[in-house]
Structure formats: structure tokens, C-alpha cells
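K.L.:
Structure in C-alpha cells, see below.
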Amino acid sequence: IEQQKSLKGKLMYLLIPAMKRGEQRAVSMAAETYVCSGKDREYIEREFRQPKVFIVPNAVDIADPHPNSTAPNLLFLGSDYGPNIDAAEFMAEKIWPAIHSGVPGAKLIIAGISREKLKNRATYAPGIEITGFVRDLDSLYQASRVIVTPILVGGGTRYKIIEAAAYAKPVVSTAMGAEGLEFAPGKEILIRDDPGSFAETCTELLADPSLCEKIGTAARAKAA
């Protein structure tokens, strides 16, 4: 709610007491509570004094190792969920122009989001490919060199980052995008919040296959 900009979004603060009562009732009725991150467990233990809270991390199949793509392709993967749409438009408008200028042959693949959901004109810029729903994620990952998750709002843990790591792909993410995950910044994931440094890091990865391999291999080991 703190991330909302509109008055309508801010009015969601009025729902907090009812939401917390619902959480407390659910936790008190349960013999045990399961969450996906340490941050969630700390919250439940603190707010509801519930000792039987256990972490069950998100899990993915670990893909067979393949050499990283030689094509200068970036991939943003997401559903038609509001924060994913906002992230795709932010990537296209604020980050992509600098990358495309530095690496004219680069391509930004926006997959999973329906084209009609993207209202921002920037998503039609040169070098951007919008695929919509994709049946074969394996081929999509194999065709991509760098995975981007410029998430600005939302909650939960980003399964797509764990999946990208399983494919040994280097990930550039905002801090919000990587929230709740255990990847080490600078070693297993690259965290960049402002558009300029985000674009600069993506450009660096596209130009440095050894850096891609280093970050991607470390991320895959952590996912495994």
C-alpha cells in the first residue's frame, strides 16, 4: 500500500485492521504455518506470537546446463499481473533506450504479458519483441543472455528469479524484485534500482560473456 500513488490505492490502508484480524484468525486455527521467506516468518512470529512457523522455499526444476546465448537478448517474463505490466513499461521507457543505444543489435523480449495490456508507447520501440503467452519456456531461456526483473511494486517472492537462476542466467533486478530471496547481491544477482545503473549493468553483461557465466553459474548453484 505504501507503494501506491493514487488516492484509491492509499484508501487500502482502511483494510489493514480487517486483513490483520483475518491473518491472526488463520494462524491461530492452524497447528503449523508455512511461508516462503524468512521475512514472512519474522512478521508472523512478531505480530501474532506464533512459534510454529516454518519456511518452505520456492523450488524449481534445475535445467540441464547449456552454454549461455551468444545473442544480445534480454528477457522479462511475467503474467498480466499489474506489477509485471508496470515493470515492463518501466523497462521499456526508462531503461531500454540507453541499452539499445549502447548495443544497437540488442533485443528486449517481453514474454507472458498480452500486448493489449501494455499501454505505454515505449513498449513498441525498436528492438522490443512482445511474445504474449509462450508455451516453451526452455527455448525462451536458451535464447536469452540476461534476465531482467525491474519490479517496482508488489509483494511475495519472485519465482521467475529462481527459475532464471536454475538456467544459469544472470539476473539484474530491483531490490523490490529480489525481496525475500537468498541470492547474494554482486555475486549471484545484480541489484540496481535507478534506471541509469540498471541499463549500464545490462549493457555490461551483454558485452561480457565471462561475467554472465560467473553470475549465472553462482546463481544456479544457489538455486540447486
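Following the order of the C-alpha cells, chains are lettered A, B, ..., residues in each are numbered from 1, and ligands are numbered from 1.
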Out of range 124-201 of chain A, which residues get strand (DSSP E) from DSSP, as a list in words?
P.N.:
Ile128, Glu129, Ile130, Thr131, Gly132, Val146, Ile147, Val148, Thr149, Val171, Val172, Ser173, Leu190 and Ile191 of chain A
K.L.:
Using only C-alpha atoms, which residue out of A:Gly38, A:Pro67, A:Gly216, A:Gly82 lies closest to Ile147 in chain A?
P.N.:
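Smallest separation from Ile147 in chain A among the options: A:Gly216.
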K.L.:
Go through range 61-106 of chain A and flag each residue having an atom no more than 7 Å from range 119-123 of chain A; for those, report the closest pair of atoms plus their distance in Å to one decimal, using only C-alpha atoms, ordered by chain and rising number, as a tab-separated table.
P.N.:
residue	atom	partner	partner_atom	distance
A:Glu89	CA	A:Asn120	CA	6.1
A:Ala92	CA	A:Thr123	CA	5.3
A:Glu93	CA	A:Ala122	CA	5.1
K.L.:
With only C-alpha atoms as the counted atoms, please give the residues lying no more than 12 Å from range 183-196 of chain A, apart from itself and same-chain residues fewer than 3 positions off, as a VMD selection string.
P.N.:
chain A and resid 87 90 to 99 146 to 152 157 to 158 161 to 162 164 to 166 168 to 180 199 to 205 211 to 224
K.L.:
For the alpha helix (DSSP H) assignment from backbone DSSP, which residues of range 7-220 of chain A qualify? Please present them as number ranges by chain.
P.N.:
A: 7-10, 16-29, 38-48, 82-90, 96-102, 137-142, 159-166, 195-207, 209-220
K.L.:
Mind pulling up the distance from CA of Tyr159 in chain A to CA of Ile44 in chain A?
P.N.:
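Answer for the CA of Ile44 in chain A to CA of Tyr159 in chain A separation: 21.5 Å.
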K.L.:
Report, in Å with one decimal, the straight-line distance from CA of Arg145 in chain A to CA of Leu206 in chain A.
P.N.:
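Distance reported for this atom pair: 7.2 Å.
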